[in-house]
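Q: Data file work.cif (mmCIF, C-alpha atoms) is appended below.
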```
data_protein
loop_
_atom_site.label_atom_id
_atom_site.label_comp_id
_atom_site.auth_asym_id
_atom_site.auth_seq_id
_atom_site.Cartn_x
_atom_site.Cartn_y
_atom_site.Cartn_z
CA MET A 14 105.42 84.07 59.88
CA ALA A 15 101.87 85.38 59.46
CA ASP A 16 100.53 83.05 62.17
CA LYS A 17 102.99 84.25 64.80
CA ARG A 18 101.74 86.68 67.42
CA ASP A 19 103.58 89.90 68.10
CA TYR A 20 106.23 89.25 70.76
CA TYR A 21 105.22 92.32 72.77
CA GLU A 22 101.64 91.09 72.71
CA VAL A 23 102.74 87.64 73.88
CA LEU A 24 104.43 89.14 76.96
CA GLY A 25 101.71 91.73 77.48
CA VAL A 26 104.08 94.73 77.46
CA SER A 27 104.40 97.89 75.41
CA LYS A 28 107.07 98.41 72.75
CA ASN A 29 108.98 100.80 75.01
CA ALA A 30 109.04 98.33 77.92
CA SER A 31 112.21 98.36 80.00
CA GLU A 32 114.43 95.36 80.65
CA ASP A 33 112.90 95.01 84.12
CA ASP A 34 109.37 95.17 82.68
CA LEU A 35 110.22 92.39 80.24
CA LYS A 36 111.78 90.22 82.92
CA LYS A 37 108.82 90.70 85.28
CA ALA A 38 106.29 89.86 82.57
CA TYR A 39 108.31 86.83 81.47
CA ARG A 40 108.63 85.39 84.96
CA THR A 41 104.90 85.79 85.61
CA LEU A 42 103.84 84.10 82.36
CA ALA A 43 106.52 81.41 82.46
CA LYS A 44 105.41 80.41 85.93
CA LYS A 45 101.75 80.42 84.83
CA TYR A 46 102.29 78.15 81.82
CA HIS A 47 105.20 76.02 83.09
CA PRO A 48 104.64 72.26 82.53
CA ASP A 49 105.09 71.57 86.24
CA MET A 50 102.02 73.71 86.91
CA ASN A 51 100.01 72.32 83.98
CA PRO A 52 100.83 68.61 83.61
CA GLY A 53 99.43 67.16 80.38
CA ASP A 54 98.05 70.53 79.18
CA LYS A 55 99.24 70.86 75.57
CA GLU A 56 97.87 74.38 75.17
CA ALA A 57 99.76 75.58 78.23
CA GLU A 58 102.89 73.88 76.91
CA GLN A 59 102.54 75.73 73.61
CA ARG A 60 102.03 79.06 75.39
CA PHE A 61 105.10 78.32 77.52
CA LYS A 62 107.21 77.88 74.39
CA GLU A 63 105.72 81.03 72.88
CA VAL A 64 106.62 83.05 75.99
CA ASN A 65 110.17 81.67 75.96
CA GLU A 66 110.56 82.54 72.29
CA ALA A 67 109.31 86.10 72.77
CA TYR A 68 111.52 86.75 75.76
CA GLY A 69 114.53 85.20 74.03
CA VAL A 70 114.29 87.85 71.32
CA LEU A 71 113.21 90.91 73.29
CA SER A 72 115.71 90.36 76.13
CA ASP A 73 118.61 90.52 73.66
CA PRO A 74 119.27 94.16 72.61
CA ASP A 75 120.54 93.22 69.11
CA LYS A 76 117.71 90.81 68.39
CA ARG A 77 115.16 93.25 69.77
CA ALA A 78 116.46 96.02 67.50
CA LYS A 79 116.15 93.76 64.45
CA TYR A 80 112.69 92.61 65.51
CA ASP A 81 111.53 96.21 65.99
CA ARG A 82 112.74 97.00 62.45
CA TYR A 83 111.76 93.90 60.49
CA GLY A 84 109.31 92.03 62.72
CA HIS A 85 109.30 88.23 62.48
CA ASP A 86 110.95 88.46 59.05
CA ALA A 87 114.18 89.34 60.85
CA PHE A 88 114.49 85.69 61.84
CA SER A 89 113.22 84.00 58.68
CA PRO A 90 115.58 82.25 56.19
CA GLY A 91 116.99 84.51 53.46
CA GLU A 92 116.37 87.74 55.38
CA GLY A 93 119.58 87.84 57.36
CA GLY A 94 117.76 86.25 60.24
CA PHE A 95 118.55 83.32 62.49
CA GLY A 96 116.54 80.57 60.85
CA GLY A 97 112.89 79.64 61.24
CA GLY A 98 112.00 77.72 64.34
CA GLY A 99 115.34 78.37 65.95
CA PHE A 100 113.66 79.86 68.98
CA GLY A 101 110.49 77.84 69.13
CA GLY A 102 112.28 74.73 70.35
CA GLY A 103 113.28 76.34 73.63
CA PHE A 104 116.60 77.99 72.61
CA GLY A 105 118.50 74.81 71.80
CA GLY A 106 120.32 73.29 74.73
CA PHE A 107 119.50 76.11 77.16
CA ASP A 108 118.24 74.68 80.44
CA PHE A 109 115.51 76.60 82.23
CA GLY A 110 115.94 74.49 85.36
CA ASP A 111 117.94 77.15 87.19
CA ILE A 112 115.34 79.81 86.53
CA PHE A 113 112.36 77.71 87.59
CA SER A 114 113.98 76.26 90.66
CA SER A 115 113.29 79.64 92.27
CA PHE A 116 109.62 79.35 91.32
CA PHE A 117 108.93 75.80 92.41
CA GLY A 118 111.45 75.16 95.16
CA GLY A 119 113.60 72.90 93.04
CA GLY A 120 110.83 71.50 90.85
CA GLY A 121 112.85 72.27 87.72
CA SER A 122 116.07 70.94 89.16
CA SER A 123 117.78 67.86 87.84
CA ARG A 124 117.70 66.53 91.42
CA PRO A 125 114.00 66.16 92.28
CA ASN A 126 114.77 64.07 95.35
CA ALA A 127 117.42 66.39 96.76
CA PRO A 128 116.92 67.48 100.40
CA ARG A 129 114.72 70.57 100.77
CA ASP A 130 114.34 72.52 104.00
CA GLY A 131 110.84 72.96 105.38
CA ASP A 132 108.96 76.26 105.38
CA ASP A 133 108.95 78.62 108.35
CA GLU A 134 105.55 79.14 109.94
CA ALA A 135 104.36 82.30 111.72
CA VAL A 136 101.87 83.01 114.47
CA ARG A 137 100.96 86.15 116.43
CA VAL A 138 100.51 86.28 120.20
CA THR A 139 98.96 89.22 122.06
CA LEU A 140 100.10 90.07 125.60
CA SER A 141 98.98 92.42 128.31
CA PHE A 142 101.50 95.01 129.47
CA LYS A 143 102.07 93.05 132.69
CA GLU A 144 102.61 89.75 130.83
CA ALA A 145 105.23 91.37 128.60
CA VAL A 146 107.09 92.97 131.53
CA PHE A 147 107.18 89.97 133.86
CA GLY A 148 107.03 87.12 131.32
CA CYS A 149 104.43 84.37 131.11
CA LYS A 150 103.43 81.14 129.40
CA LYS A 151 101.13 81.14 126.36
CA GLU A 152 99.60 78.37 124.29
CA VAL A 153 99.89 79.01 120.57
CA SER A 154 98.07 77.17 117.79
CA TYR A 155 99.23 77.11 114.16
CA ASN A 156 99.22 74.99 111.01
CA ARG A 157 102.30 73.18 109.75
CA VAL A 158 103.20 70.39 107.32
CA GLU A 159 104.31 67.10 108.85
CA THR A 160 105.51 63.80 107.45
CA CYS A 161 102.55 61.49 106.94
CA ALA A 162 102.48 58.98 109.80
CA ASP A 163 100.67 56.34 107.73
CA CYS A 164 103.31 56.04 104.99
CA SER A 165 106.32 57.58 106.81
CA GLY A 166 106.66 60.11 104.01
CA SER A 167 106.95 57.63 101.13
CA GLY A 168 103.57 58.57 99.66
CA ALA A 169 102.76 54.88 99.09
CA GLU A 170 100.13 52.79 100.82
CA ARG A 171 101.58 50.42 103.39
CA GLY A 172 102.74 47.20 101.79
CA SER A 173 103.04 48.71 98.30
CA LYS A 174 106.26 49.60 96.52
CA VAL A 175 107.71 52.81 95.14
CA GLU A 176 109.34 52.22 91.77
CA THR A 177 111.99 54.29 90.01
CA CYS A 178 110.52 56.03 86.95
CA LYS A 179 111.60 54.19 83.84
CA SER A 180 111.05 57.21 81.57
CA CYS A 181 113.62 59.42 83.27
CA GLY A 182 115.65 56.87 85.23
CA GLY A 183 114.78 58.62 88.48
CA SER A 184 116.15 62.04 87.52
CA GLY A 185 112.74 63.65 87.05
CA ARG A 186 113.95 65.22 83.79
CA VAL A 187 113.92 64.01 80.21
CA THR A 188 116.02 65.27 77.30
CA VAL A 189 114.21 66.17 74.07
CA GLN A 190 116.10 66.54 70.77
CA GLN A 191 114.90 68.63 67.87
CA ARG A 192 116.41 69.04 64.42
CA THR A 193 116.64 72.66 63.27
CA PRO A 194 118.44 74.53 60.46
CA LEU A 195 121.20 75.18 62.99
CA GLY A 196 121.61 71.51 63.76
CA VAL A 197 120.24 69.16 66.38
CA MET A 198 119.17 71.08 69.45
CA GLN A 199 118.30 69.53 72.77
CA THR A 200 116.49 70.77 75.81
CA GLN A 201 115.41 69.28 79.11
CA ARG A 202 111.93 69.29 80.52
CA THR A 203 110.05 67.77 83.43
CA CYS A 204 109.25 64.09 83.00
CA ASP A 205 105.52 63.67 82.25
CA ALA A 206 105.42 60.13 83.60
CA CYS A 207 106.47 60.97 87.17
CA ARG A 208 105.88 64.76 87.08
CA GLY A 209 109.46 65.39 88.07
CA ARG A 210 109.52 63.19 91.18
CA GLY A 211 111.69 60.49 89.66
CA ARG A 212 109.54 57.70 91.07
CA ILE A 213 106.21 56.05 90.44
CA ILE A 214 103.71 55.27 93.18
CA THR A 215 101.25 52.61 92.08
CA SER A 216 99.15 52.66 95.28
CA PRO A 217 99.12 56.18 96.77
CA CYS A 218 98.66 56.56 100.52
CA ARG A 219 95.03 57.44 101.23
CA ASN A 220 95.91 59.67 104.19
CA CYS A 221 98.23 62.03 102.28
CA ARG A 222 97.05 61.19 98.73
CA GLY A 223 100.52 60.17 97.71
CA SER A 224 102.31 63.37 98.70
CA GLY A 225 103.98 61.92 101.80
CA TYR A 226 103.00 64.98 103.84
CA VAL A 227 99.90 66.25 105.65
CA LYS A 228 98.88 69.61 107.10
CA VAL A 229 98.06 69.51 110.80
CA THR A 230 97.16 71.96 113.57
CA LYS A 231 99.88 72.08 116.21
CA LYS A 232 99.60 73.46 119.75
CA LEU A 233 102.61 74.51 121.80
CA ASP A 234 103.16 75.97 125.27
CA VAL A 235 105.57 78.84 124.78
CA THR A 236 107.58 80.59 127.50
CA ILE A 237 107.47 84.36 126.95
CA PRO A 238 110.63 85.95 128.43
CA ALA A 239 110.33 88.91 130.81
CA GLY A 240 110.90 92.24 129.10
CA ILE A 241 109.64 91.26 125.63
CA ASP A 242 108.53 94.34 123.71
CA ASN A 243 105.85 95.06 121.14
CA GLY A 244 106.94 93.97 117.63
CA GLN A 245 109.70 91.65 118.79
CA ARG A 246 109.85 88.03 117.63
CA ILE A 247 110.52 84.68 119.26
CA VAL A 248 112.00 82.00 116.99
CA LEU A 249 111.52 78.33 117.88
CA ARG A 250 113.96 76.31 115.79
CA GLY A 251 112.62 73.22 114.07
CA GLN A 252 108.98 73.82 114.98
CA GLY A 253 107.94 74.84 111.45
CA SER A 254 106.95 72.57 108.56
CA ALA A 255 108.81 69.34 107.89
CA GLY A 256 111.66 69.25 105.40
CA ARG A 257 111.53 67.05 102.29
CA ASN A 258 113.86 64.20 101.45
CA GLY A 259 115.82 64.60 104.66
CA GLY A 260 115.87 68.39 104.64
CA ARG A 261 115.76 70.35 107.89
CA PRO A 262 112.39 71.42 109.33
CA GLY A 263 111.51 75.11 109.26
CA ASP A 264 111.13 77.39 112.28
CA LEU A 265 108.14 78.78 114.11
CA ILE A 266 108.26 82.57 114.25
CA ILE A 267 106.12 84.13 116.99
CA GLU A 268 105.36 87.81 116.50
CA VAL A 269 104.56 89.61 119.76
CA ARG A 270 101.92 92.32 120.16
CA VAL A 271 101.65 94.13 123.52
CA HIS A 272 98.65 96.15 124.73
CA ALA A 273 99.39 99.71 125.85
CA ASP A 274 99.24 100.50 129.59
CA SER A 275 96.99 103.13 131.13
CA ILE A 276 99.71 104.50 133.45
CA PHE A 277 103.14 103.73 132.03
CA GLU A 278 104.60 104.56 128.63
CA ARG A 279 107.47 102.33 127.56
CA ASP A 280 110.52 103.27 125.50
CA GLY A 281 112.94 100.38 125.29
CA ASP A 282 113.64 99.28 128.87
CA ASN A 283 112.69 102.65 130.39
CA LEU A 284 109.25 103.54 131.74
CA TYR A 285 107.75 107.03 131.77
CA CYS A 286 104.91 108.25 133.94
CA GLU A 287 103.33 111.69 134.38
CA ILE A 288 102.32 112.48 137.98
CA PRO A 289 99.76 115.26 138.74
CA VAL A 290 100.87 117.23 141.82
CA ALA A 291 98.86 119.76 143.83
CA PHE A 292 100.00 123.39 143.62
CA THR A 293 100.68 123.54 147.36
CA ASP A 294 102.67 120.27 147.38
CA ALA A 295 104.85 121.52 144.54
CA ALA A 296 105.40 124.85 146.30
CA LEU A 297 106.05 123.49 149.80
CA GLY A 298 107.53 120.09 148.93
CA ALA A 299 105.79 116.87 149.87
CA ASP A 300 105.82 113.08 149.96
CA ILE A 301 103.72 111.90 147.02
CA GLU A 302 102.58 108.45 145.94
CA ILE A 303 103.95 107.18 142.64
CA PRO A 304 103.26 103.91 140.77
CA THR A 305 106.03 101.36 140.11
CA LEU A 306 105.97 97.89 138.59
CA GLU A 307 106.03 96.47 142.13
CA GLY A 308 103.18 98.67 143.39
CA LYS A 309 102.75 102.10 144.98
CA GLN A 310 105.76 103.87 146.49
CA THR A 311 106.28 107.11 148.40
CA TYR A 312 108.60 109.65 146.80
CA HIS A 313 109.64 113.06 148.14
CA ILE A 314 109.61 116.09 145.84
CA PRO A 315 111.44 119.23 147.04
CA ASP A 316 109.79 122.60 147.59
CA GLY A 317 109.54 124.80 144.52
CA THR A 318 109.14 121.86 142.11
CA GLN A 319 108.05 123.14 138.69
CA THR A 320 105.83 121.56 136.03
CA GLY A 321 107.89 119.37 133.71
CA THR A 322 110.51 118.49 136.32
CA ALA A 323 111.58 114.86 135.84
CA PHE A 324 112.85 112.51 138.55
CA THR A 325 114.62 109.24 137.70
CA LEU A 326 114.31 106.07 139.75
CA ARG A 327 117.22 103.85 138.73
CA GLY A 328 116.52 100.19 138.09
CA LYS A 329 112.76 100.55 138.40
CA GLY A 330 112.05 100.04 134.71
CA VAL A 331 111.58 96.93 132.55
CA PRO A 332 113.96 93.93 132.67
CA ASN A 333 116.10 93.68 129.53
CA VAL A 334 114.97 90.63 127.57
CA ASN A 335 118.57 89.49 127.05
CA SER A 336 120.54 90.57 130.12
CA LYS A 337 117.77 91.01 132.74
CA ARG A 338 119.31 94.36 133.67
CA ARG A 339 116.45 96.73 134.41
CA GLY A 340 115.85 100.11 132.88
CA ASP A 341 114.78 103.23 134.76
CA LEU A 342 111.46 104.75 135.78
CA ILE A 343 111.21 108.44 134.91
CA ILE A 344 108.39 110.39 136.57
CA THR A 345 107.48 113.85 135.30
CA VAL A 346 105.67 116.33 137.53
CA ASN A 347 102.59 118.13 136.22
CA VAL A 348 101.64 120.88 138.69
CA GLU A 349 97.87 121.25 138.86
CA VAL A 350 96.58 124.82 139.31
CA PRO A 351 93.44 124.85 141.48
CA ARG A 352 90.11 125.74 139.85
CA ASN A 353 86.69 126.85 141.07
CA LEU A 354 88.12 128.77 144.05
CA SER A 355 85.73 130.33 146.56
CA ALA A 356 85.82 134.05 147.30
CA ASP A 357 87.71 133.46 150.56
CA GLN A 358 90.25 131.23 148.82
CA LYS A 359 90.86 133.85 146.13
CA LYS A 360 91.31 136.53 148.79
CA ILE A 361 93.89 134.42 150.63
CA LEU A 362 95.79 133.73 147.39
CA ALA A 363 95.78 137.42 146.46
CA GLU A 364 97.28 138.32 149.84
CA PHE A 365 99.82 135.51 149.37
CA ALA A 366 100.82 136.88 145.96
CA ARG A 367 101.27 140.41 147.36
CA SER A 368 103.43 139.10 150.15
CA CYS A 369 105.65 137.22 147.70
CA GLY A 370 106.39 140.12 145.39
CA GLU A 371 108.72 139.23 142.57
CA GLN A 372 111.54 137.66 144.59
CA ASN A 373 109.75 134.28 144.66
CA ASN A 374 109.15 134.26 140.91
CA ALA A 375 112.63 134.51 139.43
CA LYS A 376 111.66 133.23 135.95
CA ARG A 377 108.79 135.70 135.67
CA ALA A 378 110.97 138.58 136.85
CA GLY A 379 113.67 137.68 134.32
CA PHE A 380 111.15 137.48 131.49
CA LEU A 381 109.61 140.87 132.38
CA LYS A 382 113.07 142.45 132.37
CA LYS A 383 113.78 141.07 128.85
CA LEU A 384 110.41 142.35 127.69
CA PHE A 385 111.08 145.83 129.15
CA ASP A 386 114.55 146.00 127.59
CA ARG A 387 113.25 145.05 124.12
CA PHE A 388 110.48 147.64 123.92
CA ASN A 389 112.20 150.48 125.76
CA THR A 390 115.65 150.38 124.20
CA LYS A 391 116.17 153.13 121.64
CA SER A 392 117.55 151.89 118.34
#
```
Could you express the structure from this file as structure tokens?

A:
Amino acid sequence: MADKRDYYEVLGVSKNASEDDLKKAYRTLAKKYHPDMNPGDKEAEQRFKEVNEAYGVLSDPDKRAKYDRYGHDAFSPGEGGFGGGGFGGGFGGFDFGDIFSSFFGGGGSSRPNAPRDGDDEAVRVTLSFKEAVFGCKKEVSYNRVETCADCSGSGAERGSKVETCKSCGGSGRVTVQQRTPLGVMQTQRTCDACRGRGRIITSPCRNCRGSGYVKVTKKLDVTIPAGIDNGQRIVLRGQGSAGRNGGRPGDLIIEVRVHADSIFERDGDNLYCEIPVAFTDAALGADIEIPTLEGKQTYHIPDGTQTGTAFTLRGKGVPNVNSKRRGDLIITVNVEVPRNLSADQKKILAEFARSCGEQNNAKRAGFLKKLFDRFNTKS
């Protein structure tokens, strides 16, 4: 046992590593050294077995406790262990295919030629505010995997044949038996002859180098629906990468980005706009010009309109992307107090203020009364 490395060292974790830490380290290393990723690499194969052995012990609470107490001697003959080499052969008949199918998309499965759906592809499109509100057409360009046109996906040069692998009988997996003190153990691994594909191509297609698939740049004209909002997505079914072995193609996912507008602020289907209004117009009431999606419009504000007063124009907002029902336009008044007044203008305003008294400033009068009551009431 002197030549064996410490199991914690093999996985690159500390002795107080949690179950999740062990699992994370194991998955990373197992993927790195898996035979499918390192065909013909004997050193990687040995490291793969070493990682499996270490995880097999440390992931089991009882075995880990014995290992922490006795080290590798816990599993040597005559020490109450489990027999030398019992773990090095890949844990007997345990099949790692299920675990590694999640890593390699079915590469460790016993069905290498089973249908596999294609990958989804993603692209981002940027719109102006007007394009998003009213809808438009955009050309998008993206990369996707397609079936090779030269070999129709077979991976073989035209006129050549694809043969079933004789080593694995087309399964892509071979069974290896090993005699141990516990008996004959067997495990399955990827077939070296066909690298798990289950077939042999003697004359690979030169266009796709035997893979049966090529990466291409695809261009599409996409209709952007009216009312699309920033961050929303458009999904085009079947426009992603091609599936394998008869699997369905993936989708194209278009992520929308919309530039902000200089006048309107959008919240869902509603639009908000702040309108500066002259002091005299707010006091006397007036017809003011306001912006809408269709252009300028005249809107009447009543006399005595205060800063912060909001007016709602129903159905003047953004079309809903699903129902086409439009939101509202909410305009908020911001009364602008005049600046840089001349001496005559100040004199006229002062006379105006004296003539108004307090009866025209109800809010101010109410506030002054509250202030007087607070500081003049005896406790």

Q: Residue by residue, what does the PyMOL selection byres ((chain A and resi 162-171) around 7) grab here? Present the result as a PyMOL selection string.

A: chain A and resi 160-161+172-175+214+216-221+223-226

Q: What would the selection look like, as a PyMOL selection string, if the PyMOL selection byres ((chain A and resi 313) around 12) were run on the coordinates I just shared?

A: chain A and resi 290+294-295+297-303+310-312+314-316+318+324+326+344+346

Q: What is the distance, in Å and to one decimal place, between atom CA of A:Ala127 and atom CA of A:Gly211?

A: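 Result for atom CA of A:Ala127 versus atom CA of A:Gly211: 10.9 Å, one decimal.
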
Q: Point out the residue among A:Val26, A:Leu233, A:Glu32, A:Asp19 with the least atom-to-atom distance to A:His85, counting only C-alpha atoms.

A: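 Checking each candidate against A:His85, we get A:Asp19 as the closest.
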
Q: Between A:Arg222, A:Arg129, A:Arg367, A:Lys151, which residue has the minimum interatomic distance to A:Gly256, considering only C-alpha atoms?

A: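 When distances to A:Gly256 are compared using only C-alpha atoms, the smallest one comes from A:Arg129.
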
Q: Please determine, counting all atoms listed in the file, which residue among A:Ile343, A:Ala356, A:Val146, A:Ala57 has the shortest atom-to-atom distance to A:Leu306.

A: A:Val146

Q: For stretch 168-237 of chain A versus stretch 41-53 of chain A, which residues have an atom no more than 7 Å away, and what is each residue's nearest atom pair and distance in Å rounded to one decimal, using all atoms listed in the file, chain-then-number order, as CSV?

A:
```
residue,atom,partner,partner_atom,distance
A:Thr203,CA,A:Asp49,CA,6.9
A:Asp205,CA,A:Pro52,CA,6.9
A:Arg208,CA,A:Asp49,CA,6.9
```

Q: With C-alpha atoms retained, write the just-selected residues as an mmCIF file, in the frame of the given file.

A:
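Saved as out34.cif:
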```
data_model
loop_
_atom_site.group_PDB
_atom_site.id
_atom_site.type_symbol
_atom_site.label_atom_id
_atom_site.label_comp_id
_atom_site.auth_asym_id
_atom_site.auth_seq_id
_atom_site.Cartn_x
_atom_site.Cartn_y
_atom_site.Cartn_z
ATOM 1 C CA THR A 203 110.050 67.770 83.430
ATOM 2 C CA ASP A 205 105.520 63.670 82.250
ATOM 3 C CA ARG A 208 105.880 64.760 87.080
#
```
